[in-house]
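Participant: Dropping in data26.csv, which is CSV, C-alpha atoms and all ligand atoms:
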chain,number,residue,atom,x,y,z
A,1160,MET,CA,38.3,4.7,-36.4
A,1161,LEU,CA,40.0,4.5,-33.0
A,1162,MET,CA,38.1,6.3,-30.2
A,1163,LEU,CA,38.6,7.0,-26.5
A,1164,GLY,CA,37.0,4.6,-24.0
A,1165,VAL,CA,36.9,4.0,-20.3
A,1166,ARG,CA,37.7,0.4,-19.3
A,1167,VAL,CA,36.2,-1.0,-16.1
A,1168,PRO,CA,35.6,-4.5,-14.6
A,1169,LEU,CA,32.1,-5.8,-15.3
A,1170,LYS,CA,30.8,-5.5,-11.8
A,1171,GLU,CA,31.6,-1.7,-11.7
A,1172,GLY,CA,29.9,-1.2,-15.0
A,1173,GLU,CA,26.6,0.4,-13.8
A,1174,LYS,CA,28.3,2.7,-11.3
A,1175,VAL,CA,30.7,4.0,-13.9
A,1176,ARG,CA,28.0,4.3,-16.5
A,1177,ARG,CA,26.0,6.6,-14.2
A,1178,ARG,CA,29.1,8.6,-13.3
A,1179,LEU,CA,30.0,9.1,-17.0
A,1180,LEU,CA,26.5,10.2,-17.7
A,1181,GLU,CA,26.6,12.7,-14.8
A,1182,LEU,CA,29.8,14.1,-16.2
A,1183,GLY,CA,28.2,14.3,-19.7
A,1184,ILE,CA,31.0,12.5,-21.4
A,1185,LEU,CA,29.4,9.2,-22.3
A,1186,ASN,CA,29.2,9.0,-26.1
A,1187,LYS,CA,25.7,7.7,-26.6
A,1188,GLU,CA,26.1,7.4,-30.4
A,1189,TYR,CA,28.2,4.3,-29.9
A,1190,LYS,CA,27.6,1.0,-28.2
A,1191,ILE,CA,29.2,0.0,-24.9
A,1192,LYS,CA,31.7,-2.8,-25.7
A,1193,ARG,CA,32.4,-6.0,-23.7
A,1194,GLU,CA,35.8,-7.5,-23.6
A,1195,GLY,CA,36.0,-10.7,-21.4
A,1196,GLU,CA,35.4,-9.5,-17.8
A,1197,PHE,CA,35.6,-5.8,-18.8
A,1198,LEU,CA,33.3,-3.2,-20.2
A,1199,ILE,CA,34.6,-0.3,-22.4
A,1200,PHE,CA,32.5,2.8,-22.4
A,1201,PRO,CA,32.8,5.2,-25.4
A,1202,ILE,CA,33.6,8.7,-24.2
A,1203,THR,CA,33.8,12.1,-25.8
A,1204,LYS,CA,36.9,13.3,-23.9
A,1205,SER,CA,39.6,11.9,-21.7
A,1206,ILE,CA,39.1,11.9,-17.9
A,1207,GLU,CA,41.4,11.3,-15.0
A,1208,GLY,CA,40.8,8.6,-12.4
A,1209,PHE,CA,39.8,5.9,-15.0
A,1210,GLU,CA,41.7,3.5,-17.2
A,1211,ILE,CA,41.5,5.2,-20.7
A,1212,VAL,CA,41.9,3.0,-23.8
A,1213,GLU,CA,41.8,3.6,-27.5
A,1214,THR,CA,39.5,1.2,-29.5
A,1215,ASN,CA,36.8,0.8,-32.1
A,1216,PHE,CA,33.1,1.1,-31.2
A,1217,GLU,CA,30.0,0.0,-33.1
A,1218,LYS,CA,27.5,2.7,-33.9
A,1219,ALA,CA,24.4,2.5,-31.6
A,1220,GLN,CA,21.1,2.3,-33.3
A,1221,LYS,CA,19.1,5.4,-32.5
A,1222,ARG,CA,15.7,4.5,-31.2
A,1223,PRO,CA,13.2,6.7,-33.1
A,1224,PHE,CA,11.5,9.3,-30.9
A,1225,SER,CA,8.2,9.1,-32.8
A,1226,TYR,CA,6.6,6.7,-35.2
A,1227,ARG,CA,6.5,9.7,-37.6
A,1228,GLU,CA,10.3,9.4,-38.1
A,1229,ILE,CA,10.1,5.9,-39.5
A,1230,VAL,CA,6.6,5.5,-41.0
A,1231,ASN,CA,6.3,4.8,-44.7
A,1232,VAL,CA,3.9,7.4,-46.1
A,1233,PRO,CA,4.4,9.9,-49.0
A,1234,GLU,CA,6.4,12.9,-47.9
A,1235,LYS,CA,3.6,15.3,-48.7
A,1236,LEU,CA,1.3,13.6,-46.3
A,1237,LYS,CA,3.7,13.5,-43.4
A,1238,PRO,CA,2.4,16.8,-41.9
A,1239,LEU,CA,-1.0,15.1,-41.5
A,1240,LEU,CA,0.4,12.3,-39.2
A,1241,PRO,CA,-1.2,12.6,-35.8
A,1242,SER,CA,1.3,13.5,-33.1
A,1243,SER,CA,-0.7,11.7,-30.4
A,1244,PHE,CA,-3.1,8.8,-29.9
A,1245,ASP,CA,-4.8,7.0,-27.1
A,1246,ILE,CA,-3.0,4.1,-25.3
A,1247,ILE,CA,-5.4,1.8,-23.5
A,1248,GLY,CA,-3.4,-1.0,-21.8
A,1249,ASP,CA,-1.3,-2.5,-24.7
A,1250,ILE,CA,-3.7,-1.2,-27.4
A,1251,VAL,CA,-3.3,2.0,-29.5
A,1252,ILE,CA,-6.4,3.8,-30.9
A,1253,ILE,CA,-5.5,6.5,-33.4
A,1254,GLU,CA,-7.6,8.9,-35.4
A,1255,LEU,CA,-6.5,9.3,-39.0
A,1256,PRO,CA,-7.5,12.0,-41.5
A,1257,GLU,CA,-9.0,10.6,-44.7
A,1258,GLU,CA,-5.8,11.1,-46.8
A,1259,LEU,CA,-3.9,8.8,-44.5
A,1260,ILE,CA,-6.4,5.9,-44.3
A,1261,PRO,CA,-4.8,4.0,-47.3
A,1262,TYR,CA,-1.5,4.0,-45.2
A,1263,GLY,CA,-3.2,2.8,-42.0
A,1264,LYS,CA,-1.2,-0.5,-42.0
A,1265,ASN,CA,2.1,1.3,-42.4
A,1266,ILE,CA,1.2,3.7,-39.6
A,1267,GLY,CA,0.1,0.8,-37.3
A,1268,GLU,CA,3.3,-1.1,-38.0
A,1269,ALA,CA,5.5,2.0,-37.3
A,1270,ILE,CA,3.7,2.5,-34.0
A,1271,LEU,CA,4.4,-1.1,-33.1
A,1272,LYS,CA,8.1,-0.7,-33.9
A,1273,VAL,CA,8.6,2.4,-31.7
A,1274,HIS,CA,6.3,1.4,-28.8
A,1275,LYS,CA,7.5,-2.1,-27.9
A,1276,HIS,CA,4.8,-2.6,-25.2
A,1277,ILE,CA,2.0,-2.1,-27.7
A,1278,LYS,CA,0.5,-5.2,-29.2
A,1279,ALA,CA,-2.4,-4.0,-31.3
A,1280,VAL,CA,-3.2,-0.8,-33.3
A,1281,PHE,CA,-6.7,0.2,-34.3
A,1282,MET,CA,-8.1,3.2,-36.1
A,1283,LYS,CA,-11.2,5.1,-35.0
A,1284,GLY,CA,-13.8,4.0,-37.6
A,1285,SER,CA,-16.7,6.2,-36.4
A,1286,LYS,CA,-17.6,8.8,-33.9
A,1287,ILE,CA,-18.7,7.7,-30.4
A,1288,SER,CA,-22.4,7.1,-30.6
A,1289,GLY,CA,-25.5,5.4,-29.1
A,1290,ALA,CA,-26.4,4.9,-25.5
A,1291,TYR,CA,-23.4,2.7,-24.9
A,1292,ARG,CA,-21.1,5.5,-26.1
A,1293,VAL,CA,-18.9,3.2,-28.2
A,1294,ARG,CA,-17.3,3.6,-31.6
A,1295,GLU,CA,-16.4,1.3,-34.5
A,1296,LEU,CA,-12.7,0.3,-34.6
A,1297,ILE,CA,-10.7,-0.7,-37.6
A,1298,HIS,CA,-7.7,-3.0,-37.2
A,1299,LEU,CA,-4.4,-1.6,-38.5
A,1300,ALA,CA,-1.6,-3.8,-37.2
A,1301,GLY,CA,-0.5,-6.3,-34.6
A,1302,LYS,CA,-2.9,-8.7,-32.8
A,1303,LYS,CA,-6.6,-8.5,-33.6
A,1304,ARG,CA,-7.3,-8.5,-29.9
A,1305,THR,CA,-9.6,-5.8,-28.3
A,1306,GLU,CA,-9.4,-6.9,-24.7
A,1307,THR,CA,-6.7,-5.5,-22.5
A,1308,ILE,CA,-5.8,-4.4,-18.9
A,1309,HIS,CA,-5.3,-0.6,-18.4
A,1310,LYS,CA,-3.4,0.7,-15.4
A,1311,GLU,CA,-4.6,4.1,-14.0
A,1312,ASN,CA,-4.4,5.8,-10.7
A,1313,GLY,CA,-3.0,2.7,-9.0
A,1314,ILE,CA,-5.9,0.4,-10.2
A,1315,ARG,CA,-6.2,-2.2,-13.0
A,1316,LEU,CA,-9.1,-2.0,-15.4
A,1317,LYS,CA,-9.9,-4.9,-17.7
A,1318,LEU,CA,-12.0,-3.9,-20.8
A,1319,ASP,CA,-12.8,-4.6,-24.4
A,1320,VAL,CA,-12.2,-1.4,-26.3
A,1321,SER,CA,-14.7,-2.4,-29.0
A,1322,LYS,CA,-17.6,-3.1,-26.6
A,1323,VAL,CA,-17.4,-0.4,-23.9
A,1324,TYR,CA,-16.6,3.3,-23.5
A,1325,PHE,CA,-13.2,4.1,-21.9
A,1326,SER,CA,-11.0,7.2,-22.2
A,1327,PRO,CA,-7.5,7.2,-20.6
A,1328,ARG,CA,-7.6,11.0,-20.9
A,1329,LEU,CA,-9.9,11.3,-17.9
A,1330,ALA,CA,-7.4,9.8,-15.4
A,1331,THR,CA,-6.6,13.2,-13.9
A,1332,GLU,CA,-10.2,14.1,-13.5
A,1333,ARG,CA,-11.0,10.9,-11.8
A,1334,MET,CA,-8.1,11.5,-9.3
A,1335,ARG,CA,-9.5,14.9,-8.6
A,1336,ILE,CA,-12.9,13.4,-7.6
A,1337,PHE,CA,-11.1,10.8,-5.6
A,1338,LYS,CA,-9.3,13.5,-3.6
A,1339,LYS,CA,-12.6,15.3,-2.9
A,1340,ALA,CA,-14.4,12.2,-1.7
A,1341,LYS,CA,-14.5,11.4,2.0
A,1342,LYS,CA,-14.4,8.3,4.0
A,1343,GLY,CA,-17.8,7.0,5.0
A,1344,GLU,CA,-19.6,8.5,2.0
A,1345,ILE,CA,-22.1,6.7,-0.2
A,1346,VAL,CA,-21.4,7.4,-3.9
A,1347,PHE,CA,-23.7,6.9,-6.8
A,1348,ASP,CA,-21.8,6.6,-10.2
A,1349,MET,CA,-24.8,6.9,-12.6
A,1350,PHE,CA,-22.9,6.1,-15.8
A,1351,ALA,CA,-20.1,3.9,-14.4
A,1352,GLY,CA,-18.8,2.1,-17.5
A,1353,ILE,CA,-16.2,-0.5,-16.6
A,1354,GLY,CA,-15.7,1.4,-13.3
A,1355,PRO,CA,-12.7,3.8,-13.5
A,1356,TYR,CA,-14.4,6.1,-11.0
A,1357,ALA,CA,-16.3,3.5,-9.0
A,1358,ILE,CA,-13.3,1.2,-8.3
A,1359,LEU,CA,-11.0,4.1,-7.5
A,1360,LEU,CA,-13.5,5.7,-5.1
A,1361,ALA,CA,-14.3,2.3,-3.5
A,1362,LYS,CA,-10.7,2.4,-2.1
A,1363,LYS,CA,-11.7,5.4,0.0
A,1364,VAL,CA,-15.5,5.7,0.5
A,1365,LYS,CA,-17.9,3.4,2.3
A,1366,LEU,CA,-20.1,2.2,-0.7
A,1367,VAL,CA,-20.4,2.9,-4.4
A,1368,PHE,CA,-23.5,2.1,-6.4
A,1369,ALA,CA,-22.3,1.8,-10.0
A,1370,CYS,CA,-25.0,1.8,-12.8
A,1371,ASP,CA,-24.6,1.2,-16.5
A,1372,ILE,CA,-27.0,0.3,-19.3
A,1373,ASN,CA,-24.3,-1.6,-21.3
A,1374,PRO,CA,-24.2,-5.3,-20.2
A,1375,TRP,CA,-20.5,-5.5,-21.3
A,1376,ALA,CA,-19.6,-2.6,-19.1
A,1377,ILE,CA,-21.2,-4.3,-16.1
A,1378,LYS,CA,-19.5,-7.5,-17.0
A,1379,TYR,CA,-16.1,-5.8,-16.9
A,1380,LEU,CA,-17.0,-3.8,-13.9
A,1381,LYS,CA,-17.6,-7.0,-12.0
A,1382,LYS,CA,-14.2,-8.4,-13.2
A,1383,ASN,CA,-12.5,-5.2,-12.1
A,1384,LYS,CA,-14.0,-5.5,-8.7
A,1385,ASN,CA,-12.2,-8.8,-8.3
A,1386,LEU,CA,-9.0,-7.6,-10.0
A,1387,ASN,CA,-8.7,-4.8,-7.5
A,1388,LYS,CA,-10.1,-6.7,-4.5
A,1389,VAL,CA,-12.9,-4.2,-3.7
A,1390,ASN,CA,-16.2,-5.5,-2.4
A,1391,ASN,CA,-18.0,-2.2,-1.6
A,1392,VAL,CA,-19.1,-1.6,-5.2
A,1393,ILE,CA,-22.6,-2.6,-6.2
A,1394,PRO,CA,-22.9,-3.0,-9.9
A,1395,ILE,CA,-26.4,-2.3,-11.3
A,1396,LEU,CA,-27.2,-3.2,-14.9
A,1397,GLY,CA,-30.0,-1.1,-16.3
A,1398,ASP,CA,-31.3,2.3,-17.3
A,1399,VAL,CA,-30.4,4.7,-14.5
A,1400,ARG,CA,-33.9,6.3,-14.8
A,1401,GLU,CA,-35.2,3.1,-13.2
A,1402,VAL,CA,-32.7,3.2,-10.3
A,1403,ALA,CA,-32.5,6.8,-9.4
A,1404,GLY,CA,-34.6,7.9,-6.5
A,1405,GLN,CA,-34.1,4.5,-4.8
A,1406,ILE,CA,-30.6,5.5,-3.9
A,1407,ARG,CA,-29.6,8.3,-1.5
A,1408,ALA,CA,-26.0,9.2,-2.0
A,1409,ASP,CA,-23.6,11.8,-0.5
A,1410,ARG,CA,-22.0,12.2,-3.9
A,1411,VAL,CA,-23.3,11.6,-7.4
A,1412,ILE,CA,-21.2,11.3,-10.6
A,1413,MET,CA,-22.8,12.1,-13.9
A,1414,ASN,CA,-20.1,11.1,-16.4
A,1415,LEU,CA,-22.2,11.1,-19.6
A,1416,PRO,CA,-21.3,14.6,-21.0
A,1417,LYS,CA,-23.4,14.3,-24.1
A,1418,PHE,CA,-26.7,13.6,-22.3
A,1419,ALA,CA,-26.1,14.4,-18.6
A,1420,HIS,CA,-28.5,17.4,-18.8
A,1421,GLU,CA,-31.3,14.9,-19.5
A,1422,PHE,CA,-30.7,13.1,-16.2
A,1423,LEU,CA,-30.5,16.0,-13.8
A,1424,LYS,CA,-33.8,15.1,-12.3
A,1425,GLU,CA,-32.6,11.6,-11.5
A,1426,ALA,CA,-29.3,12.9,-10.1
A,1427,ILE,CA,-31.0,15.4,-7.8
A,1428,LEU,CA,-33.6,12.9,-6.6
A,1429,SER,CA,-30.7,10.6,-5.7
A,1430,VAL,CA,-28.6,13.0,-3.6
A,1431,LYS,CA,-29.0,13.6,0.1
A,1432,SER,CA,-29.4,17.1,1.4
A,1433,ASP,CA,-26.0,18.9,1.3
A,1434,GLY,CA,-24.8,16.1,-1.1
A,1435,ILE,CA,-22.6,16.9,-4.1
A,1436,ILE,CA,-23.2,16.2,-7.8
A,1437,HIS,CA,-20.3,16.1,-10.3
A,1438,TYR,CA,-21.9,17.1,-13.5
A,1439,TYR,CA,-20.2,16.8,-17.0
A,1440,GLY,CA,-21.2,18.4,-20.2
A,1441,PHE,CA,-20.1,19.5,-23.6
A,1442,SER,CA,-20.1,23.3,-24.4
A,1443,HIS,CA,-19.1,25.8,-27.0
A,1444,GLU,CA,-16.2,28.0,-25.9
A,1445,ASP,CA,-18.5,31.1,-26.0
A,1446,ASN,CA,-20.7,29.7,-23.3
A,1447,LEU,CA,-18.9,27.1,-21.2
A,1448,PHE,CA,-21.0,27.0,-18.1
A,1449,GLY,CA,-24.0,29.4,-18.3
A,1450,GLU,CA,-26.5,27.2,-20.1
A,1451,HIS,CA,-25.7,24.1,-18.0
A,1452,GLU,CA,-26.0,26.0,-14.8
A,1453,GLU,CA,-29.3,27.5,-15.8
A,1454,LYS,CA,-30.6,24.0,-16.5
A,1455,ILE,CA,-29.3,22.7,-13.2
A,1456,LYS,CA,-31.0,25.5,-11.3
A,1457,THR,CA,-34.3,25.2,-13.1
A,1458,ILE,CA,-34.6,21.5,-12.5
A,1459,ALA,CA,-33.5,21.7,-8.9
A,1460,GLU,CA,-36.2,24.4,-8.2
A,1461,LYS,CA,-38.9,22.2,-9.8
A,1462,LEU,CA,-37.9,19.5,-7.4
A,1463,GLY,CA,-38.0,22.0,-4.5
A,1464,ARG,CA,-34.3,22.0,-4.0
A,1465,ARG,CA,-31.6,24.7,-4.1
A,1466,VAL,CA,-28.1,24.4,-5.5
A,1467,GLU,CA,-24.8,26.0,-4.6
A,1468,PHE,CA,-22.2,25.9,-7.3
A,1469,LEU,CA,-18.8,24.9,-6.0
A,1470,GLU,CA,-16.4,24.6,-8.9
A,1471,ARG,CA,-16.4,24.9,-12.7
A,1472,ARG,CA,-13.7,23.4,-14.8
A,1473,VAL,CA,-12.7,22.6,-18.4
A,1474,VAL,CA,-11.7,19.0,-18.4
A,1475,ARG,CA,-10.4,18.7,-22.0
A,1476,PRO,CA,-11.0,20.0,-25.5
A,1477,TYR,CA,-13.5,17.8,-27.3
A,1478,ALA,CA,-13.9,19.1,-30.8
A,1479,PRO,CA,-13.1,22.4,-32.5
A,1480,TYR,CA,-14.4,25.2,-30.2
A,1481,GLN,CA,-16.1,22.5,-28.0
A,1482,TYR,CA,-15.0,21.5,-24.5
A,1483,ASN,CA,-15.8,18.8,-22.1
A,1484,ILE,CA,-16.6,20.7,-18.9
A,1485,ALA,CA,-17.3,19.8,-15.3
A,1486,ILE,CA,-19.5,21.5,-12.7
A,1487,ASP,CA,-19.5,20.5,-9.1
A,1488,PHE,CA,-22.6,21.6,-7.1
A,1489,LYS,CA,-24.1,21.1,-3.8
A,1490,VAL,CA,-27.8,20.3,-3.5
A,1491,LEU,CA,-29.5,21.7,-0.4
B,1,LIG,C1,-19.1,8.5,-21.2
B,1,LIG,S1,-19.3,6.8,-20.6
B,1,LIG,C2,-18.5,6.9,-19.1
B,1,LIG,C3,-18.1,5.6,-18.5
B,1,LIG,C4,-17.2,5.8,-17.2
B,1,LIG,N1,-17.7,6.7,-16.2
B,1,LIG,C5,-15.8,6.2,-17.6
B,1,LIG,O1,-15.3,7.2,-17.1
B,1,LIG,O2,-15.2,5.4,-18.4
B,1,LIG,C6,-21.0,6.8,-20.3
B,1,LIG,C7,-21.6,5.5,-19.8
B,1,LIG,O3,-23.0,5.7,-19.6
B,1,LIG,C8,-23.7,4.5,-20.0
B,1,LIG,N2,-25.1,4.9,-20.1
B,1,LIG,C9,-25.7,5.6,-21.1
B,1,LIG,N3,-27.0,5.8,-20.9
B,1,LIG,C10,-27.3,5.2,-19.8
B,1,LIG,C11,-28.5,5.1,-19.0
B,1,LIG,N4,-29.6,5.6,-19.4
B,1,LIG,N5,-28.4,4.5,-17.8
B,1,LIG,C12,-27.3,3.9,-17.4
B,1,LIG,N6,-26.1,4.0,-18.1
B,1,LIG,C13,-26.1,4.7,-19.2
B,1,LIG,C14,-23.0,4.0,-21.2
B,1,LIG,O4,-23.2,2.7,-21.5
B,1,LIG,C15,-21.5,4.4,-20.9
B,1,LIG,O5,-20.9,3.3,-20.4
Turn this file's structure into structure tokens for me.

Facilitator:
Amino acid sequence: MLMLGVRVPLKEGEKVRRRLLELGILNKEYKIKREGEFLIFPITKSIEGFEIVETNFEKAQKRPFSYREIVNVPEKLKPLLPSSFDIIGDIVIIELPEELIPYGKNIGEAILKVHKHIKAVFMKGSKISGAYRVRELIHLAGKKRTETIHKENGIRLKLDVSKVYFSPRLATERMRIFKKAKKGEIVFDMFAGIGPYAILLAKKVKLVFACDINPWAIKYLKKNKNLNKVNNVIPILGDVREVAGQIRADRVIMNLPKFAHEFLKEAILSVKSDGIIHYYGFSHEDNLFGEHEEKIKTIAEKLGRRVEFLERRVVRPYAPYQYNIAIDFKVL
């Protein structure tokens, strides 16, 4: 079928393409055609000021918007397909309901087709557990590689998704803390992992002590120091209970929501007078902050300190009716 097109010399191609897009007359259902030193753009209606030709165009292949449009699973299971997943570097980690597990390979392959920069797809094989806060991963498609480099808040973080904890969903929260931190501060990141808080903060503050009990986390934290050219992070491998009290920080980060309440004594002992603690926890929606704040007050009083609550926030949903919350407080 003959259609209308705009014919332009190659070197004017990009300028004209943008102009046709602005005018809303570029027909994106068809491919732009090359003829020697000229390009012919498919258009939906004629326009003055351009050379208009009549020609055939090839149909453009529509890039699927979501893997759900192309995945091979029984029709009745399609409503169960997750609409989102975590992307860490070039690796996808997806959570599948039981009914979809037999189709894991198809789902992984569909994700690879739609997201060209993704090289490997894994499925969550267990809940996050243990002191290291890691989960089992089951390979679905692509490379069987678990090491990657994730970019976040202008820094690069190398990690092995099967050996350390990392959640890309906390990027905004980390930036929030970065904005609050001040030049000249000493920061104590009690549960540092591979360093997404520590490395970011090191770009602004004087010194960051970064502790973690998982040797893999500290191994990657050291690599990430080099990768981001920061030398004011001091990695500490070990149980934070043995370190706390030896450090006096202006700001303490307690990013271990499941157990942070068990480490309040250590955090308070490590913070200077007028210093700030960023506390994280999990709560039921009926009592988001109350219980945590009571605990904070009680432990501070036992240690002869007073607290002033500065900010309370819901960071993200965690499970049905459960939220990951944050409380910032000053210790006097
Ligand atoms: C939820 S992860 C957070 C990691 C990091 N802050 C992040 O945002 O990716 C908690 C970390 O605390 C570490 N951890 C758990 N118990 C610990 C302890 N007693 N002492 C030091 N680190 C601990 C785990 O190994 C894990 O890397």

Participant: Around ligand LIG 1 (chain B), at most 6 Å away and counting only C-alpha atoms and all ligand atoms, which residues are there? Put them as a ChimeraX atom specification, please.

Facilitator: /A:1290-1292,1324-1326,1350-1352,1355,1370-1373,1397-1399,1414-1415

Participant: Would you list the residues near (-13.1, 1.1, -26.3) (no more than 10 Å away, in the coordinates of the file, using all atoms listed in the file) as a VMD selection string?

Facilitator: chain A and resid 1247 1250 1252 1283 1287 1292 to 1296 1305 to 1307 1318 to 1326

Participant: Write out as a ChimeraX atom specification each polymer residue whose atoms come within 8 Å of Arg1227 of chain A, counting only C-alpha atoms; drop sequence neighbours fewer than 6 positions from it.

Facilitator: /A:1237,1240,1242,1269

Participant: Which polymer residues have any atom within 9 Å of an atom of segment 1422-1429 of chain A, counting all atoms listed in the file, with same-chain residues fewer than 6 positions away left out, as a list in words?

Facilitator: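 Answer for this query is Phe1347, Met1349, Val1399, Arg1400, Val1402, Ala1403, Gly1404, Gln1405, Ile1406, Arg1407, Ala1408, Asp1409, Val1411, Ile1412, Met1413, Ile1436, Tyr1438, Lys1454, Ile1455, Ile1458, Ala1459, Leu1462, Arg1464 and Val1490 of chain A.
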
Participant: Just the residues within 12 Å of Ile1484 of chain A, please, counting only C-alpha atoms, with nothing from its chain fewer than 4 positions along; format it as a PyMOL selection string.

Facilitator: chain A and resi 1329+1332+1413-1417+1419+1437-1444+1446-1452+1470-1477

Participant: For Gly1313 of chain A, which residue out of A:Lys1362, A:Lys1489, A:Lys1275, A:Arg1328 is the nearest one, using only C-alpha atoms?

Facilitator: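 Among the listed residues, the smallest separation from Gly1313 of chain A belongs to A:Lys1362.
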
Participant: What is the atom CA of Lys1303 of chain A-atom CA of Ala1279 of chain A distance in Å, reported with one decimal?

Facilitator: 6.6 Å

Participant: If we count only C-alpha atoms, what is near Gly1183 of chain A at a cut-off of 12 Å, once residues fewer than 3 positions away on the same chain are taken out, given as a list in words?

Facilitator: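 Using only C-alpha atoms, the neighbours found are Arg1176, Arg1177, Arg1178, Leu1179, Leu1180, Asn1186, Lys1187, Pro1201, Ile1202, Thr1203, Lys1204, Ser1205 and Ile1206 of chain A.
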
Participant: Figure out the distance between atom CA of Arg1222 of chain A and atom CA of His1309 of chain A, please, to one decimal in Å.

Facilitator: 25.1 Å

Participant: Measuring atom to atom with all atoms listed in the file, identify which of A:Asn1385, A:Asn1391, A:Thr1214, A:Ser1243 is nearest to Leu1316 of chain A.

Facilitator: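 Closest to Leu1316 of chain A of all the choices is A:Asn1385.
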
Participant: What separation in Å, quoted to one decimal, exists between atom CA of Ile1358 of chain A and atom CA of Leu1380 of chain A?

Facilitator: 8.4 Å

Participant: With all atoms listed in the file as the basis for distance, which of A:Leu1386, A:Ile1199, A:Val1230, A:Leu1360 is at the shortest distance from Lys1338 of chain A?

Facilitator: A:Leu1360

Participant: Applying 9 Å and all atoms listed in the file, which residues near Ile1266 of chain A remain after dropping the ones on its own chain fewer than 5 positions away? List them as a PDB file with C-alpha atoms, in the frame of the given file.

Facilitator:
ATOM      1  CA  TYR A1226       6.600   6.700 -35.200  1.00  0.00           C
ATOM      2  CA  ARG A1227       6.500   9.700 -37.600  1.00  0.00           C
ATOM      3  CA  VAL A1230       6.600   5.500 -41.000  1.00  0.00           C
ATOM      4  CA  ASN A1231       6.300   4.800 -44.700  1.00  0.00           C
ATOM      5  CA  VAL A1232       3.900   7.400 -46.100  1.00  0.00           C
ATOM      6  CA  LEU A1240       0.400  12.300 -39.200  1.00  0.00           C
ATOM      7  CA  LEU A1259      -3.900   8.800 -44.500  1.00  0.00           C
ATOM      8  CA  LEU A1271       4.400  -1.100 -33.100  1.00  0.00           C
ATOM      9  CA  VAL A1280      -3.200  -0.800 -33.300  1.00  0.00           C
ATOM     10  CA  LEU A1299      -4.400  -1.600 -38.500  1.00  0.00           C
ATOM     11  CA  ALA A1300      -1.600  -3.800 -37.200  1.00  0.00           C
TER      12      ALA A1300
END

Participant: Taking all atoms listed in the file into account, which of A:His1274, A:Ile1191, A:Pro1394, A:Val1212 comes nearest Val1165 of chain A?

Facilitator: A:Val1212

Participant: Go through A:Arg1166, A:Lys1235, A:Lys1381, A:Lys1192 and flag the residue nearest Gly1208 of chain A, using only C-alpha atoms for the distances.

Facilitator: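 The answer is A:Arg1166, which sits nearest to Gly1208 of chain A.
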
Participant: May I have the protein, DNA and RNA residues with an atom at most 8 Å from (36.7, 0.1, -31.1), counting only C-alpha atoms in the file's coordinates, returned as an NGL selection string?

Facilitator: :A and (1160-1162 or 1192 or 1213-1217)

Participant: Please produce a file of those selected residues containing C-alpha atoms, as a JSON list (two decimals), keeping the file's coordinate frame.

Facilitator:
[["chain", "number", "residue", "atom", "x", "y", "z"],
["A", 1160, "MET", "CA", 38.30, 4.70, -36.40],
["A", 1161, "LEU", "CA", 40.00, 4.50, -33.00],
["A", 1162, "MET", "CA", 38.10, 6.30, -30.20],
["A", 1192, "LYS", "CA", 31.70, -2.80, -25.70],
["A", 1213, "GLU", "CA", 41.80, 3.60, -27.50],
["A", 1214, "THR", "CA", 39.50, 1.20, -29.50],
["A", 1215, "ASN", "CA", 36.80, 0.80, -32.10],
["A", 1216, "PHE", "CA", 33.10, 1.10, -31.20],
["A", 1217, "GLU", "CA", 30.00, 0.00, -33.10]]
